[in-house]
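Colleague: This is the structure, below, for whatever I ask next.
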Amino acid sequence: MEENKFQAAPAADFDWDAYENGDVVTKEEKAELTAQYDNTLNKVKDKEVVMGTIISMNKREVVVNIGFKSDGIIPMSEFRYNPDLKVGDQVEVYIESQEDKKGQLILSHKAARASRSWDRVNEALNNEEIIKGYVKCRTKGGMIVDVFGIEAFLPGSQIDVKPIRDYDIFVGKTMEFKVVKINQEYKNVVVSHKALIEAELEKQKKEIISKLERGQVLEGVVKNIASFGAFIDLGGVDGLIHITDLSWGRVNDPSEVVQLDQKINVVILDFDDEKKRIALGLKQLTPHPWDALDPNLQVGDHVKGKVVMMTDYGAFVEVIPGVEGLIHVSEMSWSQHLRSAQDFLKIGDDVEAVILTLDRNERKMSLGIKQLKADPWETIDTKYAVGTHHMAKVRNFTNFGVFVEIEEGIDGLIHISDLSWTKKIKHPSEFTQIGSEIEVVVLEIDKENRRLSLGHKQLEENPWDAFETIFTPDSIHEGTIIEMLDKGAVVALPYGAEGFATPKHLVKEDGTMAKMDEKLSFKVIEFNKETKRIILSHSRIHEDEAKAASAEAEAADSKKATKKSQKEELPVIEKTTLGDIDALSALKNEMVAAATEKLIKKEAEKNADEQAEKPAKKTSRAKKAAAAEGEAEAKPAKKATKKAAKKDDAE
């Protein structure tokens with residue numbers, strides 16, 4: 001290999017001025033020397049990414065050597081994501097221009113990162129690589145992080161394993177992250193800092209849980225407060241103090257007992273190795289209040305306390321802090337009708353109560369407040385004796401009657417049949433209303449079962465005693481149809497009575513059916529005092545009138561036939577001499593009297609048969625008519641008798 005003649009002379013002896021003037025070498029030699037120099041430099045192109053070495057830096061600029069004939073200068077702001085940057089570090093740079101107007105190499109670290117950012121981000125996701133990012137600012141629900149020049153989203157829940165209350169303290173920091181999600185379509189990147197420390201925490205949790213024991217007392221910090229309890233950080237593992245284990249007394253909100261970031265001692269109640277759940281207690285570190293309850297307290301004693309909780313079935317009263325007794329709703333009033341506990345007490349009320357049961361082993365106590373008053377049923381026989389009248393308040397309805405309250409604790413039932421003497425009541429709501437006042441009379445007392453039988457209609461005399469003399473069978477009364485039913489109609493009668501007529505008894509004389517609210521005459525065809533039933537008929541009135549008219553016509557025809565038969569029955573009187581005149585006169589008188597007597601008897605028998613079917617008034621009229629007709633028939637006979645007598649006298 002030929003020796004390079006340009007290296008023959010030492011650098012110190014080389015005449016650079018002569019070289020610049022072209023006096024030392026020829027043009028060919030100069031070109032060869034320039035080419036050899038160019039070969040010592042990296043061959044770079046514009047718009048490409050290369051690796052460079054930081055050779056110097058200050059607060060504003062970073063000088064990077066890429067092996068080119070000149071170095072590049074990059075603003076320090078492009079390296080803010082990496083606060084640990086130092087001289088000698090290798091960095092990616094993007095060659096924007098090999099030479100500007102001043103002959104300066106133009107480089108950009110930000111552009112280099114951006115040009116390769118998506119490849120790096122996907123590579124970091126696939127390889128679960130830990131990368132660095134710069135927290136730029138806060139946004140809704142989390143933070144914006146600069147990763148390889150791309151703005152990635154850091155959710156608030158992924159910042160740390162414990163809840164973050166102040167996001168602003170992370171702005172401007174460079175932190176390590178893992179890429180957890182990439183949306184290629186929308187170019188969205190989600191990173192997590194929490195994922196980096198969870199693995200380490202899992203190891204710590206296993207180690208801590210392996211050393212736990214029930215009953216062990218540990219120190220922890222209140223990490224979070226929820227409505228159902230407080231979460232405690234035990235140094236890498238969390239435990240929960242349920243709201244019922246915060247205090248022996250009743251707690252409405254955990255924040256009443258503990259505060260965030262407060263250091264407290266807790267006792268381990270239980271834990272689950274698999275689910276890593278730890279149940280903690282705070283109240284267990286203090287003595288149970290039941291142990292401090294007065295040992296002389298017993299059933300029947302009076303105690304005072306405050307209502308701390310209400311339910312539909314009763315009220316819980318705190319006698320001393322941590323010791324509660326239940327007043328059941330049935331022990332709030334002597335009344336037996338159903339009511340809610342809220343009708344008697346409310347939270348915060350100071351009450352006095354009587355101890356009904358006391359179980360120190362089970363730590364249970366039942367109380368009562370109605371026992372502070374005398375039981376009204378003890379004096380029921382004297383205060384509300386049978387037959388006494390009282391005012392009561394309607395409390396409730398049933399299909400069979402009305403429940404009323406005479407006073408607190410004294411309830412009674414008015415059966416539906418004891419509401420009215422005359423009205424047919426289907427449901428008590430037709431007669432009265434809930435909350436209304438009603439006068440009652442005590443009918444019966446069942447002291448053992450605490451029941452009163454009451455009546456309302458008994459306040460008045462039984463009108464059916466009077467109805468019995470008014471609504472006699474066959475009597476006729478004006479009535480108004482007040483209700484139409486499938487089986488007939490209810491008819492309002494005078495004096496407040498009601499009757500019933502079946503459909504066949506509602507047919508009018510013209511053949512039409514009676515209608516609602518129509519006023520008609522009705523005949524009583526049945527009266528029953530025991531069942532309080534009056535059966536009526538409108539049809540029977542015109543039917544009976546038609547029968548009476550038909551009977552009168554038949555009677556008239558019968559009379560004509562009788563007259564005809566009388567003529568035929570009279571004997572033939574033969575001619576006699578004048579000497580037999582006395583015998584003839586006597587015979588005539590005897591014949592007329594016999595005929596008259598026979599006619600009257602026959603007419604009386606016929607009238608007696610008709611009287612069973614005709615109304616009383618019709619019967620009397622028929623008798624008068626028959627008597628008048630009998631007299632009319634008898635007159636000719638009388639005249640004939642008188643004439644014969646005169647003639648005899650004359651002779």
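Naming scheme: A, B, ... for chains in displayed order of the structure tokens; residues 1 onward per chain; ligands 1 onward as shown.
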Find the residues around stretch 329-332 of chain A up to 12 Å (only C-alpha atoms counted), leave out those fewer than 2 positions away in its own chain, and share them as number ranges by chain.
Modeller: A: 310-316, 326-327, 334-345, 351-356, 366-373, 375, 408-409
Colleague: Check stretch 203-382 of chain A with DSSP on the backbone and list each residue it calls helix (DSSP H, G or I), as a PyMOL selection string.
Modeller: chain A and resi 203-210+243-245+254-256+283-285+289-292+329-331+341-343+370-372+376-382
Colleague: Got a sec to tell me which of stretch 350-389 of chain A DSSP assigns to strand (DSSP E), as a list in words?
Modeller: Asp350, Val351, Glu352, Ala353, Val354, Ile355, Leu356, Thr357, Leu358, Asp359, Lys364, Met365, Ser366, Leu367, Gly368 and His389 of chain A
Colleague: Would you put the residues from that selection into a file with N, CA, C and O atoms, as a short mmCIF file (atom, residue, chain, number, x, y, z; two decimals), in the first residue's frame?
Modeller:
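Resulting contents of selection-v2.cif:
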```cif
data_model
loop_
_atom_site.label_atom_id
_atom_site.label_comp_id
_atom_site.auth_asym_id
_atom_site.auth_seq_id
_atom_site.Cartn_x
_atom_site.Cartn_y
_atom_site.Cartn_z
N ASP A 350 -86.51 13.24 73.71
CA ASP A 350 -86.15 12.72 75.03
C ASP A 350 -87.38 12.04 75.61
O ASP A 350 -88.45 12.66 75.69
N VAL A 351 -87.23 10.79 76.01
CA VAL A 351 -88.39 10.03 76.47
C VAL A 351 -88.08 9.33 77.79
O VAL A 351 -86.92 9.06 78.12
N GLU A 352 -89.14 9.08 78.52
CA GLU A 352 -89.07 8.23 79.72
C GLU A 352 -89.81 6.94 79.40
O GLU A 352 -90.88 6.97 78.77
N ALA A 353 -89.25 5.82 79.79
CA ALA A 353 -89.84 4.53 79.45
C ALA A 353 -89.68 3.56 80.61
O ALA A 353 -88.90 3.78 81.54
N VAL A 354 -90.45 2.47 80.53
CA VAL A 354 -90.42 1.41 81.54
C VAL A 354 -89.69 0.21 80.94
O VAL A 354 -89.94 -0.17 79.79
N ILE A 355 -88.78 -0.40 81.70
CA ILE A 355 -88.06 -1.58 81.23
C ILE A 355 -89.00 -2.78 81.26
O ILE A 355 -89.53 -3.14 82.32
N LEU A 356 -89.20 -3.40 80.08
CA LEU A 356 -90.08 -4.56 79.99
C LEU A 356 -89.29 -5.86 80.05
O LEU A 356 -89.71 -6.82 80.70
N THR A 357 -88.16 -5.91 79.33
CA THR A 357 -87.26 -7.07 79.40
C THR A 357 -85.83 -6.57 79.44
O THR A 357 -85.51 -5.52 78.87
N LEU A 358 -84.95 -7.34 80.09
CA LEU A 358 -83.54 -6.95 80.21
C LEU A 358 -82.69 -8.22 80.19
O LEU A 358 -82.80 -9.06 81.09
N ASP A 359 -81.87 -8.37 79.15
CA ASP A 359 -81.01 -9.54 79.00
C ASP A 359 -79.56 -9.04 78.90
O ASP A 359 -79.13 -8.58 77.84
N LYS A 364 -79.61 -7.05 75.34
CA LYS A 364 -80.85 -6.59 74.72
C LYS A 364 -81.78 -6.06 75.79
O LYS A 364 -81.82 -6.58 76.91
N MET A 365 -82.53 -5.00 75.42
CA MET A 365 -83.46 -4.38 76.35
C MET A 365 -84.69 -3.92 75.56
O MET A 365 -84.56 -3.33 74.49
N SER A 366 -85.87 -4.24 76.08
CA SER A 366 -87.10 -3.75 75.46
C SER A 366 -87.79 -2.81 76.44
O SER A 366 -87.80 -3.04 77.66
N LEU A 367 -88.36 -1.73 75.89
CA LEU A 367 -88.96 -0.68 76.70
C LEU A 367 -90.41 -0.45 76.29
O LEU A 367 -90.85 -0.89 75.22
N GLY A 368 -91.14 0.25 77.15
CA GLY A 368 -92.51 0.63 76.84
C GLY A 368 -92.84 1.99 77.42
O GLY A 368 -92.31 2.37 78.47
N HIS A 389 -124.19 5.65 76.49
CA HIS A 389 -123.99 6.32 75.20
C HIS A 389 -122.68 7.12 75.24
O HIS A 389 -122.36 7.75 76.24
#
```
Colleague: Closest to A:Thr379 among A:Val440, A:Ile445, A:Ile416, A:Val222, using only C-alpha atoms?
Modeller: A:Ile445
Colleague: Have a look at A:Gly387, A:Gly401, A:Pro254, A:Gly142 and name the one nearest to A:Pro428; count only C-alpha atoms.
Modeller: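 Among the listed residues, the smallest separation from A:Pro428 belongs to A:Gly401.
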Colleague: Can you tell me, as an mmCIF file with all heavy atoms, in the first residue's frame, what residues are no more than 9 Å from stretch 511-519 of chain A when counting only C-alpha atoms, ignoring any on the same chain fewer than 5 positions away?
Modeller:
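Writing the result to result.cif gives the following:
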```
data_model
loop_
_atom_site.group_PDB
_atom_site.id
_atom_site.type_symbol
_atom_site.label_atom_id
_atom_site.label_comp_id
_atom_site.auth_asym_id
_atom_site.auth_seq_id
_atom_site.Cartn_x
_atom_site.Cartn_y
_atom_site.Cartn_z
ATOM 1 N N GLU A 478 -147.809 4.961 48.793
ATOM 2 C CA GLU A 478 -147.004 5.613 47.763
ATOM 3 C C GLU A 478 -145.520 5.287 48.009
ATOM 4 O O GLU A 478 -145.057 5.329 49.148
ATOM 5 C CB GLU A 478 -147.204 7.129 47.793
ATOM 6 C CG GLU A 478 -148.568 7.587 47.335
ATOM 7 C CD GLU A 478 -148.781 7.385 45.839
ATOM 8 O OE1 GLU A 478 -147.760 7.416 45.104
ATOM 9 O OE2 GLU A 478 -149.924 7.172 45.418
ATOM 10 N N GLY A 479 -144.781 4.984 46.935
ATOM 11 C CA GLY A 479 -143.353 4.678 47.071
ATOM 12 C C GLY A 479 -142.554 5.169 45.876
ATOM 13 O O GLY A 479 -143.100 5.348 44.781
ATOM 14 N N THR A 480 -141.243 5.388 46.097
ATOM 15 C CA THR A 480 -140.351 5.862 45.026
ATOM 16 C C THR A 480 -139.225 4.853 44.833
ATOM 17 O O THR A 480 -138.579 4.439 45.802
ATOM 18 C CB THR A 480 -139.743 7.234 45.372
ATOM 19 O OG1 THR A 480 -140.798 8.156 45.615
ATOM 20 C CG2 THR A 480 -138.868 7.742 44.221
ATOM 21 N N ILE A 481 -138.984 4.483 43.587
ATOM 22 C CA ILE A 481 -137.907 3.532 43.288
ATOM 23 C C ILE A 481 -136.569 4.256 43.428
ATOM 24 O O ILE A 481 -136.308 5.232 42.729
ATOM 25 C CB ILE A 481 -138.061 2.953 41.867
ATOM 26 C CG1 ILE A 481 -139.369 2.181 41.760
ATOM 27 C CG2 ILE A 481 -136.876 2.053 41.519
ATOM 28 C CD1 ILE A 481 -139.673 1.676 40.372
ATOM 29 N N ILE A 482 -135.722 3.768 44.357
ATOM 30 C CA ILE A 482 -134.434 4.438 44.615
ATOM 31 C C ILE A 482 -133.237 3.614 44.141
ATOM 32 O O ILE A 482 -132.123 4.120 44.098
ATOM 33 C CB ILE A 482 -134.280 4.749 46.124
ATOM 34 C CG1 ILE A 482 -134.353 3.470 46.957
ATOM 35 C CG2 ILE A 482 -135.321 5.758 46.566
ATOM 36 C CD1 ILE A 482 -134.074 3.677 48.431
ATOM 37 N N GLU A 483 -133.469 2.358 43.787
ATOM 38 C CA GLU A 483 -132.343 1.538 43.315
ATOM 39 C C GLU A 483 -132.880 0.389 42.469
ATOM 40 O O GLU A 483 -133.830 -0.291 42.872
ATOM 41 C CB GLU A 483 -131.536 0.988 44.490
ATOM 42 C CG GLU A 483 -130.273 0.252 44.057
ATOM 43 C CD GLU A 483 -129.439 -0.226 45.241
ATOM 44 O OE1 GLU A 483 -129.885 -0.030 46.391
ATOM 45 O OE2 GLU A 483 -128.357 -0.801 45.004
ATOM 46 N N MET A 484 -132.269 0.207 41.299
ATOM 47 C CA MET A 484 -132.653 -0.873 40.399
ATOM 48 C C MET A 484 -131.602 -1.973 40.464
ATOM 49 O O MET A 484 -130.407 -1.714 40.330
ATOM 50 C CB MET A 484 -132.785 -0.375 38.964
ATOM 51 C CG MET A 484 -133.890 0.658 38.757
ATOM 52 S SD MET A 484 -135.557 0.007 39.059
ATOM 53 C CE MET A 484 -135.711 -1.180 37.735
ATOM 54 N N ALA A 489 -136.311 -4.091 42.508
ATOM 55 C CA ALA A 489 -136.063 -2.686 42.816
ATOM 56 C C ALA A 489 -136.290 -2.429 44.300
ATOM 57 O O ALA A 489 -137.158 -3.034 44.935
ATOM 58 C CB ALA A 489 -136.970 -1.790 41.987
ATOM 59 N N PRO A 503 -139.164 -8.002 39.626
ATOM 60 C CA PRO A 503 -139.489 -7.454 38.294
ATOM 61 C C PRO A 503 -140.938 -7.678 37.869
ATOM 62 O O PRO A 503 -141.547 -6.784 37.267
ATOM 63 C CB PRO A 503 -138.508 -8.184 37.381
ATOM 64 C CG PRO A 503 -137.340 -8.482 38.254
ATOM 65 C CD PRO A 503 -137.930 -8.795 39.591
ATOM 66 N N LYS A 504 -141.528 -8.848 38.171
ATOM 67 C CA LYS A 504 -142.908 -9.095 37.715
ATOM 68 C C LYS A 504 -143.913 -8.203 38.437
ATOM 69 O O LYS A 504 -145.038 -8.023 37.957
ATOM 70 C CB LYS A 504 -143.258 -10.565 37.904
ATOM 71 C CG LYS A 504 -143.451 -10.989 39.350
ATOM 72 C CD LYS A 504 -143.898 -12.446 39.406
ATOM 73 C CE LYS A 504 -144.176 -12.865 40.849
ATOM 74 N NZ LYS A 504 -144.649 -14.260 40.919
ATOM 75 N N LEU A 506 -143.284 -5.030 39.016
ATOM 76 C CA LEU A 506 -142.993 -3.652 38.600
ATOM 77 C C LEU A 506 -143.649 -3.303 37.274
ATOM 78 O O LEU A 506 -143.428 -2.217 36.731
ATOM 79 C CB LEU A 506 -141.476 -3.454 38.492
ATOM 80 C CG LEU A 506 -140.689 -3.536 39.801
ATOM 81 C CD1 LEU A 506 -139.184 -3.511 39.524
ATOM 82 C CD2 LEU A 506 -141.060 -2.395 40.734
ATOM 83 N N HIS A 538 -146.615 -3.389 42.538
ATOM 84 C CA HIS A 538 -147.438 -2.382 41.854
ATOM 85 C C HIS A 538 -148.410 -3.071 40.913
ATOM 86 O O HIS A 538 -149.562 -2.645 40.770
ATOM 87 C CB HIS A 538 -146.535 -1.414 41.075
ATOM 88 C CG HIS A 538 -147.302 -0.474 40.202
ATOM 89 N ND1 HIS A 538 -148.065 0.557 40.714
ATOM 90 C CD2 HIS A 538 -147.451 -0.430 38.840
ATOM 91 C CE1 HIS A 538 -148.648 1.213 39.715
ATOM 92 N NE2 HIS A 538 -148.294 0.631 38.572
#
```
Colleague: Smallest atom-to-atom distance to A:Glu123: which of A:Arg540, A:Lys304, A:Arg80, A:Lys178, using only C-alpha atoms?
Modeller: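 The closest residue to A:Glu123 is A:Lys178.
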Colleague: Give me the residues within 9 Å of A:Asp418 as number ranges by chain, counting only C-alpha atoms and dropping any in the same chain fewer than 6 places off.
Modeller: A: 401, 454-458
Colleague: Write a file of the selected residues as a PDB file, in the first residue's frame, keeping all heavy atoms.
Modeller:
```pdb
ATOM      1  N   GLY A 401    -118.242  -3.986  59.120  1.00  0.00           N
ATOM      2  CA  GLY A 401    -118.533  -2.984  60.129  1.00  0.00           C
ATOM      3  C   GLY A 401    -117.559  -1.827  60.177  1.00  0.00           C
ATOM      4  O   GLY A 401    -116.728  -1.651  59.278  1.00  0.00           O
ATOM      5  N   LEU A 454    -120.456  -2.353  69.747  1.00  0.00           N
ATOM      6  CA  LEU A 454    -121.181  -1.089  69.819  1.00  0.00           C
ATOM      7  C   LEU A 454    -122.316  -1.072  68.807  1.00  0.00           C
ATOM      8  O   LEU A 454    -122.330  -1.847  67.847  1.00  0.00           O
ATOM      9  CB  LEU A 454    -120.228   0.083  69.555  1.00  0.00           C
ATOM     10  CG  LEU A 454    -118.964   0.144  70.423  1.00  0.00           C
ATOM     11  CD1 LEU A 454    -118.043   1.240  69.905  1.00  0.00           C
ATOM     12  CD2 LEU A 454    -119.325   0.381  71.878  1.00  0.00           C
ATOM     13  N   GLY A 455    -123.266  -0.196  69.034  1.00  0.00           N
ATOM     14  CA  GLY A 455    -124.363  -0.017  68.099  1.00  0.00           C
ATOM     15  C   GLY A 455    -124.670   1.449  67.898  1.00  0.00           C
ATOM     16  O   GLY A 455    -124.378   2.284  68.767  1.00  0.00           O
ATOM     17  N   HIS A 456    -125.256   1.764  66.748  1.00  0.00           N
ATOM     18  CA  HIS A 456    -125.682   3.143  66.485  1.00  0.00           C
ATOM     19  C   HIS A 456    -127.198   3.214  66.347  1.00  0.00           C
ATOM     20  O   HIS A 456    -127.829   4.146  66.854  1.00  0.00           O
ATOM     21  CB  HIS A 456    -125.025   3.658  65.208  1.00  0.00           C
ATOM     22  CG  HIS A 456    -125.466   5.030  64.815  1.00  0.00           C
ATOM     23  ND1 HIS A 456    -125.099   6.150  65.503  1.00  0.00           N
ATOM     24  CD2 HIS A 456    -126.291   5.461  63.813  1.00  0.00           C
ATOM     25  CE1 HIS A 456    -125.640   7.224  64.952  1.00  0.00           C
ATOM     26  NE2 HIS A 456    -126.383   6.822  63.920  1.00  0.00           N
ATOM     27  N   LYS A 457    -127.786   2.217  65.727  1.00  0.00           N
ATOM     28  CA  LYS A 457    -129.238   2.255  65.524  1.00  0.00           C
ATOM     29  C   LYS A 457    -129.990   2.117  66.848  1.00  0.00           C
ATOM     30  O   LYS A 457    -131.138   2.564  66.967  1.00  0.00           O
ATOM     31  CB  LYS A 457    -129.657   1.159  64.559  1.00  0.00           C
ATOM     32  CG  LYS A 457    -129.586  -0.260  65.112  1.00  0.00           C
ATOM     33  CD  LYS A 457    -130.013  -1.287  64.086  1.00  0.00           C
ATOM     34  CE  LYS A 457    -130.050  -2.701  64.692  1.00  0.00           C
ATOM     35  NZ  LYS A 457    -130.438  -3.710  63.693  1.00  0.00           N
ATOM     36  N   GLN A 458    -129.336   1.520  67.854  1.00  0.00           N
ATOM     37  CA  GLN A 458    -129.991   1.326  69.143  1.00  0.00           C
ATOM     38  C   GLN A 458    -130.231   2.639  69.889  1.00  0.00           C
ATOM     39  O   GLN A 458    -130.883   2.647  70.934  1.00  0.00           O
ATOM     40  CB  GLN A 458    -129.160   0.384  70.016  1.00  0.00           C
ATOM     41  CG  GLN A 458    -129.173  -1.064  69.564  1.00  0.00           C
ATOM     42  CD  GLN A 458    -128.230  -1.341  68.401  1.00  0.00           C
ATOM     43  OE1 GLN A 458    -127.526  -0.435  67.965  1.00  0.00           O
ATOM     44  NE2 GLN A 458    -128.212  -2.573  67.915  1.00  0.00           N
TER      45      GLN A 458
END
```
Colleague: Skip A:Trp290 itself and residues of its chain fewer than 6 positions away, then list as a CSV table (one decimal) with all heavy atoms, in the first residue's frame all residues within 12 Å of it, counting only C-alpha atoms.
Modeller:
```
chain,number,residue,atom,x,y,z
A,248,TRP,N,-69.3,2.1,69.9
A,248,TRP,CA,-70.4,1.3,70.5
A,248,TRP,C,-71.7,2.0,70.4
A,248,TRP,O,-72.8,1.4,70.4
A,248,TRP,CB,-70.1,1.1,72.0
A,248,TRP,CG,-68.9,0.2,72.3
A,248,TRP,CD1,-67.7,0.5,72.8
A,248,TRP,CD2,-68.8,-1.2,72.0
A,248,TRP,NE1,-66.9,-0.6,72.9
A,248,TRP,CE2,-67.5,-1.6,72.4
A,248,TRP,CE3,-69.7,-2.1,71.4
A,248,TRP,CZ2,-67.1,-3.0,72.2
A,248,TRP,CZ3,-69.3,-3.4,71.3
A,248,TRP,CH2,-68.0,-3.9,71.7
A,249,GLY,N,-71.7,3.3,70.3
A,249,GLY,CA,-72.9,4.1,70.1
A,249,GLY,C,-73.3,4.1,68.6
A,249,GLY,O,-72.6,3.6,67.7
A,297,LEU,N,-80.2,-2.1,87.9
A,297,LEU,CA,-81.3,-1.8,87.0
A,297,LEU,C,-82.1,-3.1,86.7
A,297,LEU,O,-81.4,-4.2,86.4
A,297,LEU,CB,-80.8,-1.2,85.7
A,297,LEU,CG,-81.7,-0.3,85.0
A,297,LEU,CD1,-82.1,0.9,85.8
A,297,LEU,CD2,-81.0,0.2,83.7
A,318,GLU,N,-81.4,5.4,73.2
A,318,GLU,CA,-80.1,5.3,73.8
A,318,GLU,C,-80.2,5.7,75.3
A,318,GLU,O,-80.4,6.9,75.6
A,318,GLU,CB,-79.1,6.1,73.1
A,318,GLU,CG,-77.7,5.9,73.5
A,318,GLU,CD,-76.6,6.7,72.7
A,318,GLU,OE1,-76.8,7.9,72.7
A,318,GLU,OE2,-75.7,6.1,72.1
A,319,VAL,N,-80.1,4.7,76.1
A,319,VAL,CA,-80.2,4.9,77.6
A,319,VAL,C,-78.9,5.5,78.1
A,319,VAL,O,-78.9,6.5,78.8
A,319,VAL,CB,-80.5,3.6,78.3
A,319,VAL,CG1,-80.6,3.8,79.8
A,319,VAL,CG2,-81.8,3.0,77.8
A,320,ILE,N,-77.8,4.9,77.8
A,320,ILE,CA,-76.4,5.5,78.0
A,320,ILE,C,-75.7,5.3,76.7
A,320,ILE,O,-76.1,4.4,75.9
A,320,ILE,CB,-75.7,4.9,79.2
A,320,ILE,CG1,-75.5,3.4,78.9
A,320,ILE,CG2,-76.5,5.1,80.5
A,320,ILE,CD1,-74.6,2.7,80.0
A,321,PRO,N,-74.6,6.0,76.4
A,321,PRO,CA,-73.9,5.8,75.2
A,321,PRO,C,-73.5,4.4,74.9
A,321,PRO,O,-72.8,3.8,75.7
A,321,PRO,CB,-72.6,6.7,75.3
A,321,PRO,CG,-73.1,7.8,76.3
A,321,PRO,CD,-74.0,7.1,77.2
A,322,GLY,N,-74.0,3.8,73.8
A,322,GLY,CA,-73.7,2.4,73.5
A,322,GLY,C,-74.7,1.4,74.0
A,322,GLY,O,-74.7,0.3,73.6
A,323,VAL,N,-75.7,1.8,74.8
A,323,VAL,CA,-76.7,0.9,75.3
A,323,VAL,C,-78.1,1.5,74.8
A,323,VAL,O,-78.5,2.6,75.2
A,323,VAL,CB,-76.7,0.8,76.8
A,323,VAL,CG1,-77.8,-0.1,77.3
A,323,VAL,CG2,-75.3,0.3,77.3
A,324,GLU,N,-78.7,0.6,74.0
A,324,GLU,CA,-80.0,1.0,73.4
A,324,GLU,C,-81.1,0.0,73.8
A,324,GLU,O,-80.8,-1.2,74.0
A,324,GLU,CB,-79.9,1.1,71.9
A,324,GLU,CG,-79.0,2.2,71.4
A,324,GLU,CD,-78.9,2.2,69.9
A,324,GLU,OE1,-79.6,1.4,69.3
A,324,GLU,OE2,-78.0,3.0,69.4
A,325,GLY,N,-82.3,0.5,73.9
A,325,GLY,CA,-83.5,-0.3,74.1
A,325,GLY,C,-84.5,0.0,73.0
A,325,GLY,O,-84.6,1.1,72.5
A,358,LEU,N,-84.9,-7.3,80.1
A,358,LEU,CA,-83.5,-6.9,80.2
A,358,LEU,C,-82.7,-8.2,80.2
A,358,LEU,O,-82.8,-9.1,81.1
A,358,LEU,CB,-83.3,-6.2,81.5
A,358,LEU,CG,-81.9,-5.7,81.8
A,358,LEU,CD1,-81.4,-4.7,80.7
A,358,LEU,CD2,-81.8,-5.0,83.2
A,359,ASP,N,-81.9,-8.4,79.2
A,359,ASP,CA,-81.0,-9.5,79.0
A,359,ASP,C,-79.6,-9.0,78.9
A,359,ASP,O,-79.1,-8.6,77.8
A,359,ASP,CB,-81.4,-10.3,77.8
A,359,ASP,CG,-80.7,-11.7,77.7
A,359,ASP,OD1,-79.6,-11.8,78.3
A,359,ASP,OD2,-81.2,-12.6,77.0
A,360,ARG,N,-78.8,-9.1,80.0
A,360,ARG,CA,-77.5,-8.6,80.0
A,360,ARG,C,-76.5,-9.5,79.2
A,360,ARG,O,-75.5,-9.0,78.6
A,360,ARG,CB,-77.0,-8.5,81.5
A,360,ARG,CG,-77.7,-7.4,82.3
A,360,ARG,CD,-77.2,-7.4,83.7
A,360,ARG,NE,-78.0,-6.4,84.5
A,360,ARG,CZ,-77.7,-5.1,84.6
A,360,ARG,NH1,-76.7,-4.6,83.9
A,360,ARG,NH2,-78.5,-4.3,85.3
A,361,ASN,N,-76.8,-10.8,79.1
A,361,ASN,CA,-75.9,-11.7,78.4
A,361,ASN,C,-76.1,-11.4,76.9
A,361,ASN,O,-75.1,-11.3,76.2
A,361,ASN,CB,-76.3,-13.1,78.7
A,361,ASN,CG,-76.0,-13.5,80.1
A,361,ASN,OD1,-75.0,-13.0,80.7
A,361,ASN,ND2,-76.8,-14.4,80.7
A,362,GLU,N,-77.3,-11.3,76.4
A,362,GLU,CA,-77.5,-11.0,75.0
A,362,GLU,C,-77.4,-9.5,74.7
A,362,GLU,O,-77.5,-9.1,73.5
A,362,GLU,CB,-78.9,-11.5,74.6
A,362,GLU,CG,-79.1,-13.0,74.6
A,362,GLU,CD,-78.2,-13.7,73.6
A,362,GLU,OE1,-78.0,-13.1,72.5
A,362,GLU,OE2,-77.8,-14.8,73.8
A,363,ARG,N,-77.3,-8.7,75.8
A,363,ARG,CA,-77.2,-7.3,75.6
A,363,ARG,C,-78.4,-6.7,74.9
A,363,ARG,O,-78.3,-6.0,73.9
A,363,ARG,CB,-75.9,-6.9,75.0
A,363,ARG,CG,-74.7,-7.2,75.9
A,363,ARG,CD,-73.4,-7.0,75.2
A,363,ARG,NE,-72.3,-7.2,76.1
A,363,ARG,CZ,-71.0,-7.3,75.8
A,363,ARG,NH1,-70.7,-7.2,74.5
A,363,ARG,NH2,-70.1,-7.5,76.7
A,364,LYS,N,-79.6,-7.1,75.3
A,364,LYS,CA,-80.8,-6.6,74.7
A,364,LYS,C,-81.8,-6.1,75.8
A,364,LYS,O,-81.8,-6.6,76.9
A,364,LYS,CB,-81.5,-7.7,74.0
A,364,LYS,CG,-80.8,-8.2,72.7
A,364,LYS,CD,-81.6,-9.3,72.0
A,364,LYS,CE,-80.8,-9.7,70.7
A,364,LYS,NZ,-81.6,-10.8,70.0
A,365,MET,N,-82.5,-5.0,75.4
A,365,MET,CA,-83.5,-4.4,76.4
A,365,MET,C,-84.7,-3.9,75.6
A,365,MET,O,-84.6,-3.3,74.5
A,365,MET,CB,-82.8,-3.2,77.0
A,365,MET,CG,-83.7,-2.5,78.1
A,365,MET,SD,-82.9,-0.9,78.6
A,365,MET,CE,-81.3,-1.4,79.2
```
Colleague: Would you mind listing what lies within 12 Å of A:Thr469 as a ChimeraX atom specification, with only C-alpha atoms counted and same-chain residues fewer than 6 positions away left out?
Modeller: /A:463,475,527-529
Colleague: For A:Ala501, list every protein, DNA or RNA residue within 9 Å, evaluated using only C-alpha atoms, and leave out those in the same chain fewer than 3 positions away; present the list as a ChimeraX atom specification.
Modeller: /A:487-491,504-506,522,534-538
Colleague: As an exercise, work out the distance from atom CA of A:Lys393 to atom CA of A:Gly435 in Å and give it to one decimal place.
Modeller: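 According to the coordinates, atom CA of A:Lys393 and atom CA of A:Gly435 are separated by 5.9 Å.
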